[in-house]
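The next block is work_21.cif, given as mmCIF, C-alpha atoms and all ligand atoms.
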```cif
data_target
loop_
_atom_site.group_PDB
_atom_site.id
_atom_site.type_symbol
_atom_site.label_atom_id
_atom_site.label_comp_id
_atom_site.auth_asym_id
_atom_site.auth_seq_id
_atom_site.Cartn_x
_atom_site.Cartn_y
_atom_site.Cartn_z
ATOM 1 C CA MET A 348 -11.945 7.239 25.055
ATOM 2 C CA THR A 349 -15.269 7.592 23.231
ATOM 3 C CA VAL A 350 -16.296 10.754 21.383
ATOM 4 C CA ASP A 351 -19.959 11.307 20.442
ATOM 5 C CA LEU A 352 -20.383 12.689 16.933
ATOM 6 C CA PRO A 353 -24.158 13.164 16.575
ATOM 7 C CA ASP A 354 -23.984 15.329 13.449
ATOM 8 C CA LEU A 355 -21.710 17.000 10.895
ATOM 9 C CA VAL A 356 -21.119 19.991 13.180
ATOM 10 C CA ALA A 357 -19.681 17.683 15.848
ATOM 11 C CA MET A 358 -17.590 15.941 13.192
ATOM 12 C CA GLU A 359 -16.166 19.273 12.019
ATOM 13 C CA ALA A 360 -15.308 20.334 15.581
ATOM 14 C CA PHE A 361 -13.591 17.003 16.270
ATOM 15 C CA GLY A 362 -11.527 17.383 13.077
ATOM 16 C CA LEU A 363 -10.453 20.890 14.089
ATOM 17 C CA ARG A 364 -9.335 19.650 17.534
ATOM 18 C CA ILE A 365 -7.243 16.917 15.917
ATOM 19 C CA ALA A 366 -5.695 19.389 13.454
ATOM 20 C CA ALA A 367 -4.757 21.758 16.262
ATOM 21 C CA ASN A 368 -2.840 19.016 18.083
ATOM 22 C CA MET A 369 -1.159 17.013 15.325
ATOM 23 C CA ARG A 370 2.495 17.159 14.289
ATOM 24 C CA ALA A 371 4.563 16.048 11.299
ATOM 25 C CA GLY A 372 5.308 12.331 11.641
ATOM 26 C CA ASP A 373 1.915 11.480 13.161
ATOM 27 C CA VAL A 374 -0.555 9.038 11.683
ATOM 28 C CA ILE A 375 -4.270 9.703 12.021
ATOM 29 C CA SER A 376 -5.647 6.205 11.515
ATOM 30 C CA LEU A 377 -9.327 6.243 10.503
ATOM 31 C CA SER A 378 -11.046 2.869 10.536
ATOM 32 C CA GLY A 379 -14.704 1.930 10.242
ATOM 33 C CA PRO A 380 -17.128 0.602 7.650
ATOM 34 C CA LEU A 381 -18.088 2.220 4.355
ATOM 35 C CA GLY A 382 -20.110 5.359 5.059
ATOM 36 C CA ALA A 383 -18.937 5.688 8.670
ATOM 37 C CA GLY A 384 -17.530 9.172 8.087
ATOM 38 C CA LYS A 385 -13.801 8.616 7.606
ATOM 39 C CA THR A 386 -13.499 10.968 4.633
ATOM 40 C CA THR A 387 -15.772 13.525 6.325
ATOM 41 C CA LEU A 388 -13.414 13.589 9.309
ATOM 42 C CA ALA A 389 -10.339 13.719 7.056
ATOM 43 C CA ARG A 390 -11.830 16.783 5.309
ATOM 44 C CA ALA A 391 -12.414 18.506 8.650
ATOM 45 C CA ILE A 392 -8.806 17.836 9.694
ATOM 46 C CA LEU A 393 -7.545 19.225 6.378
ATOM 47 C CA ARG A 394 -9.657 22.357 6.806
ATOM 48 C CA GLY A 395 -8.352 22.711 10.350
ATOM 49 C CA ALA A 396 -4.793 22.582 9.001
ATOM 50 C CA GLY A 397 -5.557 25.415 6.592
ATOM 51 C CA HIS A 398 -6.718 23.710 3.397
ATOM 52 C CA GLU A 399 -9.506 25.712 1.756
ATOM 53 C CA GLY A 400 -10.127 23.866 -1.512
ATOM 54 C CA GLU A 401 -11.744 20.594 -2.510
ATOM 55 C CA VAL A 402 -10.746 17.325 -0.886
ATOM 56 C CA PRO A 403 -11.266 14.525 -3.394
ATOM 57 C CA SER A 404 -11.655 11.085 -1.849
ATOM 58 C CA PRO A 405 -8.366 9.299 -2.590
ATOM 59 C CA THR A 406 -10.145 6.024 -3.356
ATOM 60 C CA PHE A 407 -8.615 5.855 -6.847
ATOM 61 C CA THR A 408 -5.425 7.894 -6.500
ATOM 62 C CA LEU A 409 -4.744 6.176 -3.103
ATOM 63 C CA VAL A 410 -2.723 9.165 -1.820
ATOM 64 C CA GLU A 411 -3.425 12.899 -2.145
ATOM 65 C CA MET A 412 -0.670 15.231 -0.952
ATOM 66 C CA TYR A 413 -1.381 18.620 0.648
ATOM 67 C CA ASP A 414 1.867 20.580 0.907
ATOM 68 C CA ALA A 415 0.425 23.984 1.815
ATOM 69 C CA THR A 416 -1.242 22.926 5.069
ATOM 70 C CA ASN A 417 0.435 23.282 8.470
ATOM 71 C CA PRO A 418 1.718 20.619 8.893
ATOM 72 C CA PRO A 419 1.698 19.124 5.378
ATOM 73 C CA ILE A 420 -0.730 16.209 5.045
ATOM 74 C CA ALA A 421 -0.750 13.005 3.003
ATOM 75 C CA HIS A 422 -4.349 11.753 2.806
ATOM 76 C CA ALA A 423 -4.468 8.075 1.876
ATOM 77 C CA ASP A 424 -7.248 5.543 1.319
ATOM 78 C CA PHE A 425 -5.855 2.017 1.334
ATOM 79 C CA TYR A 426 -9.162 0.311 0.512
ATOM 80 C CA ARG A 427 -7.921 -0.868 -2.872
ATOM 81 C CA LEU A 428 -4.671 -2.418 -1.677
ATOM 82 C CA ASP A 429 -4.601 -6.189 -2.100
ATOM 83 C CA ASP A 430 -1.567 -6.604 0.135
ATOM 84 C CA PRO A 431 0.087 -4.350 2.753
ATOM 85 C CA SER A 432 3.398 -4.541 0.855
ATOM 86 C CA GLU A 433 1.798 -2.388 -1.853
ATOM 87 C CA ALA A 434 1.855 0.593 0.541
ATOM 88 C CA ALA A 435 5.653 0.739 0.282
ATOM 89 C CA GLU A 436 5.420 0.419 -3.503
ATOM 90 C CA LEU A 437 3.269 3.555 -3.550
ATOM 91 C CA GLY A 438 6.212 5.457 -2.079
ATOM 92 C CA LEU A 439 4.377 5.986 1.190
ATOM 93 C CA ASP A 440 7.588 6.753 3.103
ATOM 94 C CA ASP A 441 8.332 9.626 0.722
ATOM 95 C CA TYR A 442 4.834 11.062 1.105
ATOM 96 C CA ARG A 443 5.157 10.871 4.895
ATOM 97 C CA GLU A 444 8.462 12.760 5.087
ATOM 98 C CA GLY A 445 7.735 15.926 7.120
ATOM 99 C CA ALA A 446 3.989 15.314 6.926
ATOM 100 C CA VAL A 447 1.036 13.911 8.850
ATOM 101 C CA LEU A 448 -0.494 10.795 7.332
ATOM 102 C CA ILE A 449 -4.292 10.526 7.422
ATOM 103 C CA ALA A 450 -5.008 6.876 6.668
ATOM 104 C CA GLU A 451 -8.423 5.491 5.718
ATOM 105 C CA TRP A 452 -8.643 1.654 5.746
ATOM 106 C CA PRO A 453 -5.311 1.535 7.673
ATOM 107 C CA GLU A 454 -5.555 -2.230 8.246
ATOM 108 C CA ARG A 455 -5.164 -2.794 4.492
ATOM 109 C CA ALA A 456 -1.746 -1.148 4.716
ATOM 110 C CA GLY A 457 -0.767 -3.342 7.671
ATOM 111 C CA GLY A 458 -1.915 -0.869 10.341
ATOM 112 C CA PHE A 459 0.009 1.842 12.161
ATOM 113 C CA ALA A 460 -0.815 1.103 15.811
ATOM 114 C CA HIS A 461 2.819 0.202 16.574
ATOM 115 C CA GLU A 462 3.885 3.788 15.841
ATOM 116 C CA PRO A 463 3.993 6.070 18.920
ATOM 117 C CA GLY A 464 2.667 8.933 16.771
ATOM 118 C CA CYS A 465 -0.441 6.984 15.791
ATOM 119 C CA LEU A 466 -3.842 8.355 16.800
ATOM 120 C CA ARG A 467 -6.249 5.483 16.235
ATOM 121 C CA ILE A 468 -9.836 6.486 15.547
ATOM 122 C CA ALA A 469 -12.533 3.880 14.919
ATOM 123 C CA VAL A 470 -15.698 5.537 13.595
ATOM 124 C CA SER A 471 -19.029 3.718 13.809
ATOM 125 C CA PHE A 472 -22.748 4.374 13.375
ATOM 126 C CA ALA A 473 -24.698 5.515 16.450
ATOM 127 C CA ASP A 474 -28.400 6.327 16.041
ATOM 128 C CA ASP A 475 -28.574 8.947 13.253
ATOM 129 C CA GLY A 476 -25.009 10.101 13.900
ATOM 130 C CA ARG A 477 -21.652 8.550 14.659
ATOM 131 C CA LYS A 478 -19.300 7.859 17.524
ATOM 132 C CA ALA A 479 -15.545 7.423 17.597
ATOM 133 C CA ILE A 480 -13.361 5.262 19.788
ATOM 134 C CA VAL A 481 -10.007 6.987 20.160
ATOM 135 C CA GLU A 482 -6.730 5.386 21.209
ATOM 136 C CA CYS A 483 -3.580 7.465 21.568
ATOM 137 C CA GLY A 484 -0.055 6.330 20.822
ATOM 138 C CA ALA A 485 2.608 7.283 23.382
ATOM 139 C CA ASP A 486 3.478 10.500 21.519
ATOM 140 C CA TRP A 487 -0.156 11.651 21.834
ATOM 141 C CA LEU A 488 -0.277 11.600 25.622
ATOM 142 C CA GLY A 489 -1.112 15.100 26.798
ATOM 143 C CA ARG A 490 -2.471 16.214 23.439
ATOM 144 C CA ALA A 491 -5.427 13.840 22.965
ATOM 145 C CA PRO A 492 -8.157 15.582 20.943
HETATM 146 N N1 LIG A 501 -21.230 12.583 12.494
HETATM 147 C C1 LIG A 501 -22.043 12.389 11.434
HETATM 148 N N2 LIG A 501 -23.389 12.413 11.596
HETATM 149 C C2 LIG A 501 -24.194 12.185 10.538
HETATM 150 N N3 LIG A 501 -23.771 11.917 9.269
HETATM 151 C C3 LIG A 501 -22.460 11.892 9.041
HETATM 152 C C4 LIG A 501 -21.521 12.109 10.116
HETATM 153 N N4 LIG A 501 -20.273 12.004 9.589
HETATM 154 C C5 LIG A 501 -20.416 11.737 8.286
HETATM 155 N N5 LIG A 501 -21.713 11.653 7.932
HETATM 156 C C6 LIG A 501 -22.267 11.363 6.582
HETATM 157 O O1 LIG A 501 -21.945 10.021 6.250
HETATM 158 C C7 LIG A 501 -21.792 9.876 4.847
HETATM 159 C C8 LIG A 501 -20.573 9.057 4.517
HETATM 160 O O2 LIG A 501 -19.428 9.732 4.951
HETATM 161 P P1 LIG A 501 -17.959 9.427 4.382
HETATM 162 O O3 LIG A 501 -17.080 10.374 5.101
HETATM 163 O O4 LIG A 501 -17.941 9.450 2.896
HETATM 164 O O5 LIG A 501 -17.706 7.929 4.875
HETATM 165 P P2 LIG A 501 -16.454 6.947 4.668
HETATM 166 O O6 LIG A 501 -15.293 7.755 4.151
HETATM 167 O O7 LIG A 501 -16.199 6.357 6.021
HETATM 168 O O8 LIG A 501 -16.907 5.889 3.701
HETATM 169 C C9 LIG A 501 -21.750 11.290 4.278
HETATM 170 O O9 LIG A 501 -22.985 11.540 3.639
HETATM 171 C C10 LIG A 501 -21.578 12.168 5.493
HETATM 172 O O10 LIG A 501 -22.207 13.423 5.346
HETATM 173 MG MG MG A 502 -13.936 7.419 2.496
#
```

Could you express the structure from this file as structure tokens?
Amino acid sequence: MTVDLPDLVAMEAFGLRIAANMRAGDVISLSGPLGAGKTTLARAILRGAGHEGEVPSPTFTLVEMYDATNPPIAHADFYRLDDPSEAAELGLDDYREGAVLIAEWPERAGGFAHEPGCLRIAVSFADDGRKAIVECGADWLGRAP
């Protein structure tokens, strides 16, 4: 499924639709090149889940935890991982307990496509805006954003 995201308004609306349909245990996997809009979409999802404050890019901290959203959200950026095994060393399983994981650069953590709760979103440039290719894990059937 392809979603056209011509501007930031479309990006925001897409993020809100995802937030309305996600559940604890899911992974929102956001791939795409630098500048594609992964963090922009992550921020929209966080807002949709009730977060009102800043959303720092987790490029340096790797994982930012949001406990007050519904559901709680762990926002990760795996760009700086040298090896997927480092994801476990970060305590990723603990962060994910009872939470949704939003993962930027998911392939650097080994990828999450094998998980039924994985919503795979590949963001790319399209004219002045963006588009997203969306693939739903089995648990997402019937609630695709
Ligand atoms: N749908 C869109 N249309 C136009 N510009 C966008 C869109 N989504 C994001 N952007 C812009 O792209 C830039 C990079 O976005 P960012 O989310 O930081 O990318 P990434 O996290 O993938 O590196 C930002 O300036 C953002 O405003
Ligand atoms: Mg980013």

Here is a test: counting all atoms listed in the file, which residue of A:Asp474, A:Asp354, A:Asp414, A:Glu454 is nearest to A:Asp430?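 Nearest to A:Asp430: A:Glu454.
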
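Counting from atom CA of A:Leu381, the distance to atom O4 of ligand LIG 501 (chain A) is 7.4 Å.
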
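Remark: for A:Gly484, the closest of the candidate residues A:Glu411, A:Ser376, A:Asp351, A:Ser432 is A:Ser376 (distances computed over all atoms listed in the file).
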
The PyMOL selection byres (((not hetatm)) within 9 of (chain A and resi 502)) resolved against shown file, as a count of residues only: 15

Got a sec: who's within 9 Å of A:Phe361, counting only C-alpha atoms, leaving out chain neighbours fewer than 4 positions off, as an MDAnalysis selection string? chainID A and resid 350 352 356:357 365:366 388 391:392 492

I want to know what sits within 6 Å of A:Ile449, based on all atoms listed in the file, with residues of the same chain fewer than 6 positions away left out; could you give that as JSON, numbers by chain? {"A": [374, 375, 422]}

Enter the distance from atom O8 of ligand LIG 501 (chain A) to atom CA of A:Asp429, in Å, rounded to one decimal.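 Between atom O8 of ligand LIG 501 (chain A) and atom CA of A:Asp429 the gap is 18.2 Å.
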
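Using all atoms listed in the file, the contacts of A:Glu399 at a cut-off of 12 Å, with sequence neighbours closer than 5 positions omitted, comprise Arg390, Ala391, Ile392, Leu393, Arg394, Tyr413, Ala415 and Thr416 of chain A.
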
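Residue nearest ligand LIG 501 (chain A), chosen from A:Ala491, A:Arg370, A:Ala446, A:Ala423 and counting all atoms listed in the file: A:Ala423.
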
Nearest to A:Pro419 among A:Gly457, A:Pro353, A:Gly445, A:Gly395, with distances taken over only C-alpha atoms: which residue is it? A:Gly445

Just stretch 420-452 of chain A from the block, N, CA and C atoms, as a PDB file, in the first residue's frame, could you?
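What landed in out.pdb:
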```
ATOM      1  N   ILE A 420       5.317   4.800  24.636  1.00  0.00           N
ATOM      2  CA  ILE A 420       6.095   4.698  23.397  1.00  0.00           C
ATOM      3  C   ILE A 420       7.587   4.784  23.695  1.00  0.00           C
ATOM      4  N   ALA A 421       8.351   3.847  23.113  1.00  0.00           N
ATOM      5  CA  ALA A 421       9.806   3.944  23.089  1.00  0.00           C
ATOM      6  C   ALA A 421      10.189   4.388  21.675  1.00  0.00           C
ATOM      7  N   HIS A 422      10.821   5.548  21.564  1.00  0.00           N
ATOM      8  CA  HIS A 422      11.215   6.078  20.258  1.00  0.00           C
ATOM      9  C   HIS A 422      12.726   5.876  20.112  1.00  0.00           C
ATOM     10  N   ALA A 423      13.101   5.034  19.162  1.00  0.00           N
ATOM     11  CA  ALA A 423      14.515   4.683  19.007  1.00  0.00           C
ATOM     12  C   ALA A 423      15.034   5.103  17.634  1.00  0.00           C
ATOM     13  N   ASP A 424      16.306   5.448  17.589  1.00  0.00           N
ATOM     14  CA  ASP A 424      17.009   5.704  16.325  1.00  0.00           C
ATOM     15  C   ASP A 424      18.277   4.864  16.363  1.00  0.00           C
ATOM     16  N   PHE A 425      18.304   3.819  15.522  1.00  0.00           N
ATOM     17  CA  PHE A 425      19.396   2.856  15.578  1.00  0.00           C
ATOM     18  C   PHE A 425      20.549   3.200  14.629  1.00  0.00           C
ATOM     19  N   TYR A 426      20.526   4.420  14.097  1.00  0.00           N
ATOM     20  CA  TYR A 426      21.530   4.805  13.094  1.00  0.00           C
ATOM     21  C   TYR A 426      22.956   4.522  13.571  1.00  0.00           C
ATOM     22  N   ARG A 427      23.215   4.804  14.856  1.00  0.00           N
ATOM     23  CA  ARG A 427      24.572   4.713  15.357  1.00  0.00           C
ATOM     24  C   ARG A 427      24.987   3.318  15.823  1.00  0.00           C
ATOM     25  N   LEU A 428      24.116   2.345  15.683  1.00  0.00           N
ATOM     26  CA  LEU A 428      24.535   0.985  16.057  1.00  0.00           C
ATOM     27  C   LEU A 428      25.510   0.443  15.021  1.00  0.00           C
ATOM     28  N   ASP A 429      26.581  -0.181  15.504  1.00  0.00           N
ATOM     29  CA  ASP A 429      27.536  -0.814  14.586  1.00  0.00           C
ATOM     30  C   ASP A 429      27.125  -2.250  14.283  1.00  0.00           C
ATOM     31  N   ASP A 430      26.383  -2.845  15.225  1.00  0.00           N
ATOM     32  CA  ASP A 430      25.990  -4.243  15.061  1.00  0.00           C
ATOM     33  C   ASP A 430      24.628  -4.444  15.719  1.00  0.00           C
ATOM     34  N   PRO A 431      23.744  -5.233  15.086  1.00  0.00           N
ATOM     35  CA  PRO A 431      22.401  -5.440  15.655  1.00  0.00           C
ATOM     36  C   PRO A 431      22.411  -5.937  17.095  1.00  0.00           C
ATOM     37  N   SER A 432      23.451  -6.676  17.489  1.00  0.00           N
ATOM     38  CA  SER A 432      23.498  -7.206  18.861  1.00  0.00           C
ATOM     39  C   SER A 432      23.501  -6.084  19.900  1.00  0.00           C
ATOM     40  N   GLU A 433      23.923  -4.884  19.481  1.00  0.00           N
ATOM     41  CA  GLU A 433      23.968  -3.761  20.421  1.00  0.00           C
ATOM     42  C   GLU A 433      22.565  -3.317  20.849  1.00  0.00           C
ATOM     43  N   ALA A 434      21.544  -3.665  20.068  1.00  0.00           N
ATOM     44  CA  ALA A 434      20.172  -3.298  20.439  1.00  0.00           C
ATOM     45  C   ALA A 434      19.786  -3.967  21.757  1.00  0.00           C
ATOM     46  N   ALA A 435      20.142  -5.236  21.909  1.00  0.00           N
ATOM     47  CA  ALA A 435      19.853  -5.952  23.153  1.00  0.00           C
ATOM     48  C   ALA A 435      20.627  -5.336  24.306  1.00  0.00           C
ATOM     49  N   GLU A 436      21.868  -4.932  24.034  1.00  0.00           N
ATOM     50  CA  GLU A 436      22.702  -4.333  25.089  1.00  0.00           C
ATOM     51  C   GLU A 436      22.116  -3.018  25.612  1.00  0.00           C
ATOM     52  N   LEU A 437      21.364  -2.349  24.755  1.00  0.00           N
ATOM     53  CA  LEU A 437      20.696  -1.104  25.175  1.00  0.00           C
ATOM     54  C   LEU A 437      19.567  -1.358  26.166  1.00  0.00           C
ATOM     55  N   GLY A 438      19.167  -2.622  26.295  1.00  0.00           N
ATOM     56  CA  GLY A 438      18.013  -2.957  27.127  1.00  0.00           C
ATOM     57  C   GLY A 438      16.709  -2.758  26.372  1.00  0.00           C
ATOM     58  N   LEU A 439      16.750  -2.972  25.064  1.00  0.00           N
ATOM     59  CA  LEU A 439      15.580  -2.704  24.237  1.00  0.00           C
ATOM     60  C   LEU A 439      14.344  -3.473  24.696  1.00  0.00           C
ATOM     61  N   ASP A 440      14.529  -4.722  25.120  1.00  0.00           N
ATOM     62  CA  ASP A 440      13.385  -5.524  25.573  1.00  0.00           C
ATOM     63  C   ASP A 440      12.687  -4.861  26.759  1.00  0.00           C
ATOM     64  N   ASP A 441      13.461  -4.274  27.647  1.00  0.00           N
ATOM     65  CA  ASP A 441      12.870  -3.602  28.815  1.00  0.00           C
ATOM     66  C   ASP A 441      12.084  -2.360  28.388  1.00  0.00           C
ATOM     67  N   TYR A 442      12.648  -1.588  27.472  1.00  0.00           N
ATOM     68  CA  TYR A 442      11.933  -0.416  26.966  1.00  0.00           C
ATOM     69  C   TYR A 442      10.606  -0.818  26.320  1.00  0.00           C
ATOM     70  N   ARG A 443      10.614  -1.972  25.633  1.00  0.00           N
ATOM     71  CA  ARG A 443       9.439  -2.366  24.847  1.00  0.00           C
ATOM     72  C   ARG A 443       8.318  -2.956  25.691  1.00  0.00           C
ATOM     73  N   GLU A 444       8.605  -3.339  26.911  1.00  0.00           N
ATOM     74  CA  GLU A 444       7.605  -3.953  27.788  1.00  0.00           C
ATOM     75  C   GLU A 444       6.391  -3.023  27.931  1.00  0.00           C
ATOM     76  N   GLY A 445       5.230  -3.453  27.460  1.00  0.00           N
ATOM     77  CA  GLY A 445       4.005  -2.655  27.592  1.00  0.00           C
ATOM     78  C   GLY A 445       3.967  -1.403  26.747  1.00  0.00           C
ATOM     79  N   ALA A 446       4.851  -1.314  25.756  1.00  0.00           N
ATOM     80  CA  ALA A 446       4.965  -0.085  24.962  1.00  0.00           C
ATOM     81  C   ALA A 446       4.969  -0.396  23.465  1.00  0.00           C
ATOM     82  N   VAL A 447       4.734   0.644  22.677  1.00  0.00           N
ATOM     83  CA  VAL A 447       4.962   0.588  21.228  1.00  0.00           C
ATOM     84  C   VAL A 447       6.397   1.028  20.986  1.00  0.00           C
ATOM     85  N   LEU A 448       7.065   0.351  20.070  1.00  0.00           N
ATOM     86  CA  LEU A 448       8.406   0.785  19.662  1.00  0.00           C
ATOM     87  C   LEU A 448       8.301   1.502  18.317  1.00  0.00           C
ATOM     88  N   ILE A 449       8.747   2.760  18.275  1.00  0.00           N
ATOM     89  CA  ILE A 449       8.929   3.448  16.990  1.00  0.00           C
ATOM     90  C   ILE A 449      10.417   3.366  16.680  1.00  0.00           C
ATOM     91  N   ALA A 450      10.751   2.714  15.567  1.00  0.00           N
ATOM     92  CA  ALA A 450      12.150   2.439  15.256  1.00  0.00           C
ATOM     93  C   ALA A 450      12.588   3.133  13.972  1.00  0.00           C
ATOM     94  N   GLU A 451      13.492   4.116  14.103  1.00  0.00           N
ATOM     95  CA  GLU A 451      14.152   4.688  12.928  1.00  0.00           C
ATOM     96  C   GLU A 451      15.420   3.873  12.665  1.00  0.00           C
ATOM     97  N   TRP A 452      15.790   3.726  11.388  1.00  0.00           N
ATOM     98  CA  TRP A 452      16.922   2.880  10.969  1.00  0.00           C
ATOM     99  C   TRP A 452      16.780   1.467  11.532  1.00  0.00           C
TER     100      TRP A 452
END
```
